[in-house]
Amino acid sequence: MSIRLVRSLEAHTDKVWSVSVHNRLPLLATASSDKSCKIYDLTNGELVATLDDTHKRSARSVAWKPTGQEPSLACGSFDSTISIWGKDYDEWSLLAVIEGHENEVKGVAWSKDGYFLASCSRDKSIWIWEADDDNEEFECISVLQEHSQDVKHVVWSQYEDLLASSSYDDTIRLWKEDDDDWSCVAQLTGHEGTVWCSDFEKSETSTRLVSGSDDCTVRVWQRTDANDSEETWELQAILPQCHKRAVYSVSWSPSGRIASVGSDGQLVVYEYQSDQWEITHVQKLSHGVYEANSVQWCKPYAADDDNGTTTAEWLITGGDDGNVNVWSIS
Amino acid sequence: MDLSLNISQFLANSGSDENRASAIVERFANQIHSRDIKLIDLIKALGDYLTAEDDLLRPKATQCLSGTLNSLKKDILTPNDISVLTGFYVSKLEDGQCTKETLYGMSSLVDMDSFGPSNLDKVLKGLMEQYDSTKNLASTRYYGLLTLQRIFTKFVNYLIQMKKDKLFIECFLHVASGEKDPRNLLLSFALNKDISSSLNLESFEDELFDILFCYFPISFKPPKEDPYKITQDQLKGSLRSAIASSSAFDKDSYPNLLEKLSSTSPSVKRDTAETINACIANYGQKSLIEHWLEIWNAYKFEVVHGEPDDEEIGVYQSLLNTFTEISKVLTSNEVEFDQFASTLLKDLKESFQNTKTLKQTCLIFGAIAKANNIAYNKAVKLVLAQLLVKTDGLNVREERELIQNLGVFTSAYKDVYGTTSSPKLQDYNNGLKDFKDQILILLGKSLMGSSQVEVSLRTLAITELTNLTTLSDFLSNSELSLIAQYFTETVLMDDNEYVFNSAIGGLAQIAQLDSSVLVEVTLPTLISLLPDADEPVRINGQDKPKEKIFDVIVSISTGGALVNFMVIRLLNKLEQLQTTLADPVPYSFLILSSLQKIITTSESSTQFSTDTLFPSLVKLIHLLLKFPSLNQDDAILESATEILKLIVVFSSKSFHQQLSDDTLSFFTGLPVANDDYYKDLEPINVFAEPTPLINILSKVLAGVNKSVSINNVDSLINKLVEFIKTSSFQDGYVRISYLRFLSLIINKWNCEVSKYENITFDSVLSLEIYTWITKGVLLRIDPKSETFIDVLVGALSDTSLGAMAANSFEVLVVDLSIFEKFKKILNNNVRLLYKQKFFDLVVPKLVEGFNGNDDMKIKSNYLSALSHILKHTKREIINPHLPSFFPLLLQSLNLMDSEVRLASLNTILSSVGEVSDLITSHISSLIPKLLALAQSDRDHLNTEPVRLAAVNCLHSFAMALPLQKVVPYQKEVIRELTPVLDDKKRSVRKGAIDARQAYYELGRTVE
Amino acid sequence: MSEPINANPTVLDVNALPTRGEDHKQEKALDSQVQELLSLAIDHGVDSDVQSQAPSLLSDSEEQEDPIDPQEIFDLIAHISDPEHPLTLGQLAVVNLSDIKVIDSGNRDEMGEVIIKITPTITHCSLATLIGLGIRVRLDRCLPVRFRITILLKEGSHQSENQVNKQLNDKERVAAACENDQLLNVISKMLATCK
């Protein structure tokens, strides 16, 4: 088992806050304090497009829409707006700017079929938007205000319309539609600090969530019971402690691995082996002495050895050094 | 006729060419003086114009007459003339078109010698009835006020005697009302002041006051192009002295002023307080007796709850001054002053108990104490008894406050009784003396009895004790010694620099007062503490570095007696060490460097003479010759001989010839004629073989007056040159010492140098000899120097010697101690302007040489020669030449030599402000270059000073260059300096931090 | 400005603030007289052998490292102005040398840590967050990127200690605050007195 730096992209001159890989195409999107997003071709590391001149403050989060003929994405910014970009006749262009939040938008996420866009903000609320196929009309269908503090991150399950939100109030909440109305179906408490990020397990049969927090821990939660208006979730495990400072981002791979990054610059990979979670890789200084803000798994877009085998999975990380690093885990 | 022609010309030019117009009236006046024409002729000739229908013509005609009057001598007109003209002008007031010209004439008329009281009423009534100030422009109103002022000056006694006060005041109120123009206001205020302080105001005081106070407070801001340049302060001052001019105003002025005291504007507040102070000082005791309570009631809150340290524009001090003023006025009435003081004491009873207001309360009484002897004694008696009632068991903050509050009264003491250096008044029983013992005990306890971490308390105690020593006629000698003892112990025990420095300052102050206290108390303590071995000093059971003692010694040994004492004692110590210690070198260093500092710092004191140190000079020479430990260590020898030089420099010229003769004989192996300096010593011949002892000879000769003669200088030089050429020096220091001696002799004594002009450079040594000869010649701006310099410039293009020739240029301009100049002492032939001359001469040659050569190696020789020169040249000399060699400077930043880089960077740094255009035009290449130089490099060429200079340059760009030129580099500089924040050296990190901060803040305006 | 929240703070004398004492350099100074003379040898630094192009005598030796220590951090932040008094955080004892901890191996490839505990002048001071933010901005600008900075209120010094601590150490909130021009102006003013 090894971890290898495939390439390092000098993407931005300021912090990279967020990275997102398209679910079908070899496209990587980044969001940065330099107010821009960039799109890279993962097969060769080449810059495809720079999306700028739109946001007045930091671009905080970026998410690809999983559906549609042409690729498109949403970007949430500290300027309180969300921009929607799409490829149109080989040109990347701004399709819409969504306004509504009172202040900094911190997270954006698309539902499995691209039908819903969720956004969360410093204003403590989560907004659910209904999107059309052309990405031109976005109608707010629900505003969820149960978090008592900033909402840092939102993520959808790939298999059902289930949304998880992480907050400065130290909790995670899960949200579902129930009779045309969205409501909180579960609240996960236990973290002893801001929850920065969570991610669903990529499995049709089991529904689990991994979360990373300011308390330096990474936790796995499992759904044990569910009906339309209520779900029961239990803490399944606290992953072996490795981070010495806040964990900013976690990601669950299709093969079942979990990766986490954080303020201490470490990139940590965990696997479930013989009934327990174990640390299988630790990459120190993943972005030099800078902090690492975002991590995401993706499939490999190049052979990882001379034999042309591609058993590996890739990890994309973004850091305060402005770089995006592509790692191969085999 | 001539007259009417001139009048026509005047009328034509008036209003268009005022210079010509006034020349014409000037001519009329002269003609009247010379009796060529009579005034009546002029009036007749003007006649029709004066009454013309034309509204434009009448004023010009009137102006012609008035202008003439203004230019006339005062004694030329007869009473009859005056009477006629007065009638004319008064009636002319009816003509609204000519008011300005009329008043102008009137103001001249009233100034005439023959203008007597008989005309006065007419003028005043005319003004009252026919003139309306509100309908006229400022320049017109000016003449109205001027007329009144002239009348007043001339007729003040008449007005009083004839009881015409009322008429005049009414007229003044009429003329002055509604005034807004600053120049007129100055006149009006001054006139009001005169009226109020000399006339009988009858029932007009209210109106006279109103016409003043309606302008208070003055908030006038002078317009940009005010021809009269009237300032706000002028107006304020003039208004203030008018308000304060008469106690008749007091019933109005105090209530009105006191009301303004609560203003939120600090400047209004201060203006008000200062005006009140002027009133108190001027209105007299009677008025003040009626009003002080009212004043006090209004002041109470302001001063008790004011912020004394918020001294932005001195508001609080102005408030305090009121108490000083009141006390000054009241003290001559004992009953009333007692009443005043006890009222305050009663009202402030609670403030004394409240820690938040205690300071203010003390300041109030301090202000009272400042007034005079009586007030001082009263205030001190009332307050100090209360303050000092509890001095035990105070916490540190309370103790600090108590000392600060006591300080208020020592400072007032200085105001009343003066200081030891300028005593004012003696009062052997003054109030503070009653508390002297208590104060001394308190301060002594705060200083000696509190923990060393209480830095501010201890510093404060020292400051206050020092203060006490400066008070005139206060401390006894034994008390002074006690304080000196406190301070001595403090400097030895305490390592905190603030405490240390204050105590040293205190000792220096005592030394100024009476150096014998230090000689008796402090110095023996210090000397006795010096250890015999090279080990730390043991003070009160604690180990301290020896350096500490020497720091103290150096800091306080100022002035003849102290210096003498220390030099003798330290030389004894030095001698003792040479026999008792195995390795006396480090300890000897300390002693010698301290001696050097003592003499150098004392040099600035007036009339410093080292004649009494001559025995020490002899002793030091003997020590140097006797102990190998002293003469075989370069650093020790260099320092010790420097001391010799200094002693010689500051001694009387009368010693010098013999000293010089004896020394030269002694060191060239000749018998010494006298026994004074080299008794019982074996002569030495510096030409036998290279010896570092040459430096004793060298420094002694460097110190003697240049009028001292040397026999056969030329042969000495010859011998020296030959000796250097043919000797093999094992040691760089010894070689340079001989070369330096050569340079000294050539500079100081007249000698034949042309024979060395054409030396062939067959060795490095020959080039080096040539360089040092050139230095001696250059420093005295010998006519030959250009020839010598040309040869050196020429050598720069030599492929084998060029790099060394470049170093020669540093030798030429480096400042050496043997060539040091001292005020009023002629010990060498160094001309003040030599660097300027040299720079002007050599820089164009270097630029030319650089441009004329293609070989990079040779080019770099010119650059490094230039940078060596820059390193030792002031920027005033450099700047005019900068544009010519700036491109070279940029290139030298790339040279593989740290010193060259540093010199170039420093030149850029020091010229940013002056030649910002030049720098701006190179900014695109400079910034990346500087960013590179700010980082450590593999070759270690970017030394700490280079890196620091580079970040400082970047910083200075942000501060001194035009914003729009720097902003494009803002992000790049901030980003590229990020790694420098992790530099190994703190100084570089700090430099990078400051530079980055400047770039972060570029263009951000902080109000 | 409205009524100050703490109108009468206790003020330390500027002179009483801890400083980096000057080392004794007498011996060096003495020796330097000779060193200066020796550097005047015209073959000084000139060498036919290109390899040994030593820049100068003094820089020959490896530079000694000045470690980043609490005093250095103190000097960076002690002169920040209080937002409501014309005084510095050092004078008001909001920052104290003894409450600064530096963990640093000196290795440029290892992260270091700076932990600062600040003491607001009064326990309900609503300006504590602003003061903390000023310190954070100052240190973010001044310290090498490898340092992680933690700013905490001193235990028991404030009613809402945890809230303020959480806010001051939330990277995202600090980043967002630094994009607020108005706030940045206030901070600029606070930093203007830094030495």
# chains A, B, ... in the order shown; residues from 1 in each chain; ligands from 1
$ select_by_dssp --residues "segment 244-291 of chain B" --states "helix (DSSP H, G or I)" --output "NGL selection string"
:B and (247-260 or 266-283 or 285-291)
$ write_last_selection --atoms "C-alpha atoms" --output "mmCIF file, in the first residue's frame"
data_model
loop_
_atom_site.group_PDB
_atom_site.id
_atom_site.type_symbol
_atom_site.label_atom_id
_atom_site.label_comp_id
_atom_site.auth_asym_id
_atom_site.auth_seq_id
_atom_site.Cartn_x
_atom_site.Cartn_y
_atom_site.Cartn_z
ATOM 1 C CA SER B 247 -12.729 94.690 35.788
ATOM 2 C CA ALA B 248 -15.916 96.508 34.828
ATOM 3 C CA PHE B 249 -16.591 93.502 32.627
ATOM 4 C CA ASP B 250 -16.322 90.986 35.435
ATOM 5 C CA LYS B 251 -20.007 90.658 36.187
ATOM 6 C CA ASP B 252 -20.559 89.695 32.556
ATOM 7 C CA SER B 253 -17.336 88.025 31.586
ATOM 8 C CA TYR B 254 -17.081 85.426 34.330
ATOM 9 C CA PRO B 255 -20.582 83.980 34.012
ATOM 10 C CA ASN B 256 -20.325 83.917 30.244
ATOM 11 C CA LEU B 257 -16.867 82.420 30.174
ATOM 12 C CA LEU B 258 -17.584 79.879 32.862
ATOM 13 C CA GLU B 259 -20.548 78.736 30.848
ATOM 14 C CA LYS B 260 -18.286 78.041 27.871
ATOM 15 C CA PRO B 266 -10.839 70.939 23.747
ATOM 16 C CA SER B 267 -9.644 74.033 21.934
ATOM 17 C CA VAL B 268 -12.654 76.080 23.064
ATOM 18 C CA LYS B 269 -12.118 74.827 26.569
ATOM 19 C CA ARG B 270 -8.497 75.836 26.539
ATOM 20 C CA ASP B 271 -9.245 79.228 24.994
ATOM 21 C CA THR B 272 -11.851 79.828 27.686
ATOM 22 C CA ALA B 273 -9.531 78.870 30.525
ATOM 23 C CA GLU B 274 -6.754 81.035 29.168
ATOM 24 C CA THR B 275 -9.129 83.966 28.843
ATOM 25 C CA ILE B 276 -10.306 83.459 32.401
ATOM 26 C CA ASN B 277 -6.665 83.397 33.483
ATOM 27 C CA ALA B 278 -6.039 86.691 31.726
ATOM 28 C CA CYS B 279 -9.089 88.196 33.443
ATOM 29 C CA ILE B 280 -7.940 87.037 36.852
ATOM 30 C CA ALA B 281 -4.499 88.488 36.295
ATOM 31 C CA ASN B 282 -5.856 91.841 35.093
ATOM 32 C CA TYR B 283 -9.053 92.566 36.958
ATOM 33 C CA GLN B 285 -7.810 91.561 43.717
ATOM 34 C CA LYS B 286 -11.048 93.354 44.483
ATOM 35 C CA SER B 287 -12.815 91.821 41.548
ATOM 36 C CA LEU B 288 -11.369 88.389 42.240
ATOM 37 C CA ILE B 289 -12.550 88.453 45.853
ATOM 38 C CA GLU B 290 -16.060 88.730 44.538
ATOM 39 C CA HIS B 291 -15.687 86.067 41.931
#
$ closest_atom_pairs --of "chain C" --to "chain A" --cutoff "8 Å" --atoms "only C-alpha atoms" --output "Markdown table"
| residue | atom | partner | partner_atom | distance |
| --- | --- | --- | --- | --- |
| C:Asp109 | CA | A:Val289 | CA | 6.4 |
| C:Glu110 | CA | A:Val289 | CA | 6.7 |
| C:Met111 | CA | A:Val289 | CA | 6.0 |
| C:Val145 | CA | A:Tyr290 | CA | 6.4 |
| C:Arg146 | CA | A:Val289 | CA | 4.7 |
| C:Ala176 | CA | A:Phe78 | CA | 6.7 |
| C:Glu179 | CA | A:Arg57 | CA | 6.8 |
$ residues_around --residues "Leu97 of chain C" --least-positions-apart "3" --cutoff "9 Å" --atoms "only C-alpha atoms" --output "VMD selection string"
chain C and resid 17 to 18 70 to 71 73 to 74 100 to 101
$ residues_around --residues "Gly106 of chain C" --least-positions-apart "3" --cutoff "10 Å" --atoms "only C-alpha atoms" --output "count of residues only"
11
$ atom_distance --atom1 "atom CA of Leu796 of chain B" --atom2 "atom CA of Pro883 of chain B"
22.5 Å
$ atom_distance --atom1 "atom CA of Leu693 of chain B" --atom2 "atom CA of Glu722 of chain B"
18.6 Å
$ interface_residues --of "chain B" --to "chain C" --cutoff "8 Å" --atoms "only C-alpha atoms" --output "ChimeraX atom specification"
/B:455-456,497-498,547,586,589-590,593,634-636,638-639,732-733,736,764,768,803-805,807-808,810-811,896-899,940-941,943,978-982,984-986,993,996-997,1001,1004,1006-1007
$ write_last_selection --atoms "N, CA and C atoms" --output "compact mmCIF listing (two decimals), in the first residue's frame"
# COMPACT_ATOMS: atom_id res chain seq x y z
N VAL B 455 9.48 47.69 38.33
CA VAL B 455 10.32 48.60 37.56
C VAL B 455 9.79 50.03 37.59
N SER B 456 8.50 50.17 37.38
CA SER B 456 8.02 51.55 37.24
C SER B 456 8.07 52.28 38.57
N GLU B 497 17.03 47.79 32.34
CA GLU B 497 17.70 48.94 31.72
C GLU B 497 17.06 50.27 32.11
N TYR B 498 15.75 50.25 32.39
CA TYR B 498 15.12 51.52 32.74
C TYR B 498 15.58 51.99 34.12
N GLU B 547 31.28 43.40 33.20
CA GLU B 547 30.91 44.48 32.27
C GLU B 547 29.99 45.49 32.94
N PRO B 586 41.55 39.00 28.20
CA PRO B 586 40.14 39.42 28.16
C PRO B 586 39.83 40.52 29.17
N PHE B 589 41.22 43.79 28.05
CA PHE B 589 40.33 44.37 27.03
C PHE B 589 39.30 45.28 27.65
N LEU B 590 38.63 44.72 28.65
CA LEU B 590 37.55 45.44 29.30
C LEU B 590 38.03 46.76 29.88
N SER B 593 39.03 49.20 27.00
CA SER B 593 37.92 49.76 26.24
C SER B 593 37.14 50.73 27.10
N ASP B 634 47.00 42.16 19.33
CA ASP B 634 46.69 43.29 18.44
C ASP B 634 45.59 44.18 18.98
N ALA B 635 44.52 43.54 19.42
CA ALA B 635 43.36 44.33 19.84
C ALA B 635 43.70 45.20 21.05
N ILE B 636 44.45 44.60 21.99
CA ILE B 636 44.84 45.37 23.17
C ILE B 636 45.75 46.52 22.80
N GLU B 638 46.02 48.03 19.96
CA GLU B 638 45.29 49.04 19.18
C GLU B 638 44.50 49.95 20.14
N SER B 639 43.84 49.33 21.08
CA SER B 639 43.02 50.11 22.00
C SER B 639 43.89 50.96 22.93
N GLY B 732 49.47 40.67 9.15
CA GLY B 732 48.75 41.73 8.44
C GLY B 732 48.64 42.99 9.28
N TYR B 733 48.39 42.81 10.56
CA TYR B 733 48.21 43.97 11.43
C TYR B 733 49.48 44.82 11.46
N ILE B 736 49.93 46.68 8.05
CA ILE B 736 49.02 47.83 7.94
C ILE B 736 49.46 48.93 8.90
N VAL B 764 52.17 43.38 -5.17
CA VAL B 764 50.99 43.86 -4.44
C VAL B 764 51.42 44.90 -3.42
N GLU B 768 50.19 48.67 -2.66
CA GLU B 768 49.66 49.01 -1.35
C GLU B 768 50.37 50.24 -0.77
N ALA B 803 41.66 44.04 -9.33
CA ALA B 803 40.77 43.78 -8.19
C ALA B 803 41.34 44.37 -6.91
N MET B 804 42.67 44.32 -6.79
CA MET B 804 43.30 44.89 -5.60
C MET B 804 43.27 46.41 -5.64
N ALA B 805 43.44 46.96 -6.85
CA ALA B 805 43.35 48.41 -6.98
C ALA B 805 41.96 48.89 -6.55
N ASN B 807 40.18 47.63 -4.22
CA ASN B 807 40.21 47.71 -2.75
C ASN B 807 40.96 48.94 -2.25
N SER B 808 41.92 49.40 -3.05
CA SER B 808 42.67 50.59 -2.66
C SER B 808 41.74 51.77 -2.41
N GLU B 810 38.92 51.83 -1.07
CA GLU B 810 38.38 51.84 0.29
C GLU B 810 39.39 52.46 1.25
N VAL B 811 40.65 52.10 1.06
CA VAL B 811 41.71 52.66 1.91
C VAL B 811 41.68 54.19 1.83
N MET B 896 29.21 39.19 -7.37
CA MET B 896 29.36 38.14 -6.37
C MET B 896 30.16 38.65 -5.19
N ASP B 897 29.71 39.70 -4.55
CA ASP B 897 30.44 40.25 -3.42
C ASP B 897 29.44 40.93 -2.49
N SER B 898 29.37 40.42 -1.28
CA SER B 898 28.38 40.92 -0.32
C SER B 898 28.57 42.40 -0.01
N GLU B 899 29.83 42.79 0.17
CA GLU B 899 30.10 44.16 0.57
C GLU B 899 29.64 45.13 -0.52
N HIS B 940 25.80 32.18 0.38
CA HIS B 940 25.92 33.05 1.55
C HIS B 940 26.36 34.46 1.16
N LEU B 941 26.01 34.86 -0.05
CA LEU B 941 26.37 36.23 -0.46
C LEU B 941 25.37 37.22 0.10
N THR B 943 24.21 38.24 2.89
CA THR B 943 24.44 38.20 4.33
C THR B 943 23.30 38.90 5.05
N THR B 978 7.00 36.48 2.04
CA THR B 978 6.51 35.51 3.02
C THR B 978 7.63 34.60 3.54
N PRO B 979 8.46 34.01 2.64
CA PRO B 979 9.52 33.15 3.18
C PRO B 979 10.51 33.91 4.06
N VAL B 980 10.66 35.20 3.83
CA VAL B 980 11.63 35.97 4.62
C VAL B 980 11.16 36.10 6.08
N LEU B 981 9.85 35.91 6.30
CA LEU B 981 9.35 35.92 7.68
C LEU B 981 9.98 34.80 8.48
N ASP B 982 10.56 33.82 7.77
CA ASP B 982 11.18 32.70 8.46
C ASP B 982 12.71 32.78 8.36
N LYS B 984 16.56 33.33 9.29
CA LYS B 984 17.25 32.91 10.51
C LYS B 984 17.44 34.07 11.47
N LYS B 985 17.63 35.26 10.94
CA LYS B 985 17.98 36.39 11.79
C LYS B 985 16.74 37.22 12.12
N ARG B 986 16.65 37.55 13.36
CA ARG B 986 15.51 38.33 13.85
C ARG B 986 15.40 39.68 13.15
N ILE B 993 8.69 41.99 8.12
CA ILE B 993 7.38 42.24 8.72
C ILE B 993 6.97 43.69 8.48
N ARG B 996 6.27 44.27 4.77
CA ARG B 996 4.97 43.71 4.36
C ARG B 996 3.82 44.54 4.90
N GLN B 997 3.91 44.95 6.16
CA GLN B 997 2.85 45.75 6.76
C GLN B 997 2.64 47.02 5.93
N GLU B 1001 -0.85 47.99 3.91
CA GLU B 1001 -1.58 49.22 4.18
C GLU B 1001 -1.51 50.21 3.01
N ARG B 1004 -4.42 52.44 1.90
CA ARG B 1004 -5.50 52.43 2.89
C ARG B 1004 -5.34 53.67 3.75
N VAL B 1006 -6.17 55.67 6.96
CA VAL B 1006 -6.72 55.51 8.29
C VAL B 1006 -6.89 56.90 8.88
N GLU B 1007 -8.11 57.20 9.26
CA GLU B 1007 -8.34 58.57 9.76
C GLU B 1007 -7.75 58.74 11.14
$ select_by_dssp --residues "segment 198-300 of chain A" --states "strand (DSSP E or B)" --output "PyMOL selection string"
chain A and resi 198-200+208-213+218-226+231-238+247-252+258-262+267-273+276-283+286-289+292-298
$ residues_around --residues "segment 91-94 of chain B" --least-positions-apart "4" --cutoff "9 Å" --atoms "only C-alpha atoms" --output "count of residues only"
10
$ atom_distance --atom1 "atom CA of Leu188 of chain A" --atom2 "atom CA of Ser61 of chain A"
23.2 Å
$ residues_around --residues "Thr668 of chain B" --least-positions-apart "3" --cutoff "8 Å" --atoms "only C-alpha atoms" --output "PyMOL selection string"
chain B and resi 664-665+683-687
$ interface_residues --of "chain B" --to "chain A" --cutoff "10 Å" --atoms "only C-alpha atoms" --output "list in words"
Lys971, Glu972 and Arg975 of chain B
$ residues_around --residues "Thr88 of chain C" --least-positions-apart "5" --cutoff "8 Å" --atoms "only C-alpha atoms" --output "PDB file with N, CA and C atoms, in the first residue's frame"
ATOM      1  N   ALA C  78       2.508  43.757  21.309  1.00  0.00           N
ATOM      2  CA  ALA C  78       2.341  44.625  22.481  1.00  0.00           C
ATOM      3  C   ALA C  78       2.018  46.059  22.078  1.00  0.00           C
ATOM      4  N   HIS C  79       2.411  46.444  20.868  1.00  0.00           N
ATOM      5  CA  HIS C  79       2.210  47.839  20.479  1.00  0.00           C
ATOM      6  C   HIS C  79       0.938  48.054  19.671  1.00  0.00           C
ATOM      7  N   ILE C  80       0.136  46.999  19.538  1.00  0.00           N
ATOM      8  CA  ILE C  80      -1.174  47.179  18.898  1.00  0.00           C
ATOM      9  C   ILE C  80      -2.005  48.089  19.804  1.00  0.00           C
ATOM     10  N   SER C  81      -2.720  49.034  19.191  1.00  0.00           N
ATOM     11  CA  SER C  81      -3.521  49.955  20.009  1.00  0.00           C
ATOM     12  C   SER C  81      -4.812  49.300  20.449  1.00  0.00           C
ATOM     13  N   ASP C  82      -5.225  49.642  21.631  1.00  0.00           N
ATOM     14  CA  ASP C  82      -6.544  49.242  22.078  1.00  0.00           C
ATOM     15  C   ASP C  82      -7.566  50.000  21.241  1.00  0.00           C
TER      16      ASP C  82
END
$ decode --residues "segment 436-458 of chain B" --atoms "C-alpha atoms" --output "short mmCIF file (atom, residue, chain, number, x, y, z; two decimals), in the first residue's frame"
data_model
loop_
_atom_site.label_atom_id
_atom_site.label_comp_id
_atom_site.auth_asym_id
_atom_site.auth_seq_id
_atom_site.Cartn_x
_atom_site.Cartn_y
_atom_site.Cartn_z
CA LYS B 436 11.94 66.28 53.95
CA ASP B 437 12.76 63.37 56.23
CA GLN B 438 9.45 61.67 55.59
CA ILE B 439 9.84 62.07 51.84
CA LEU B 440 13.39 60.74 51.85
CA ILE B 441 12.38 57.74 53.90
CA LEU B 442 9.45 57.02 51.62
CA LEU B 443 11.48 57.27 48.42
CA GLY B 444 14.35 55.33 49.92
CA LYS B 445 11.99 52.57 50.87
CA SER B 446 10.32 52.50 47.44
CA LEU B 447 13.68 52.25 45.74
CA MET B 448 15.63 50.02 48.09
CA GLY B 449 12.86 48.12 49.78
CA SER B 450 10.66 47.00 46.92
CA SER B 451 11.12 44.01 44.67
CA GLN B 452 13.21 44.40 41.53
CA VAL B 453 10.25 43.55 39.33
CA GLU B 454 8.57 46.79 40.35
CA VAL B 455 10.32 48.60 37.56
CA SER B 456 8.02 51.55 37.24
CA LEU B 457 7.85 52.20 40.97
CA ARG B 458 11.61 52.08 41.31
#
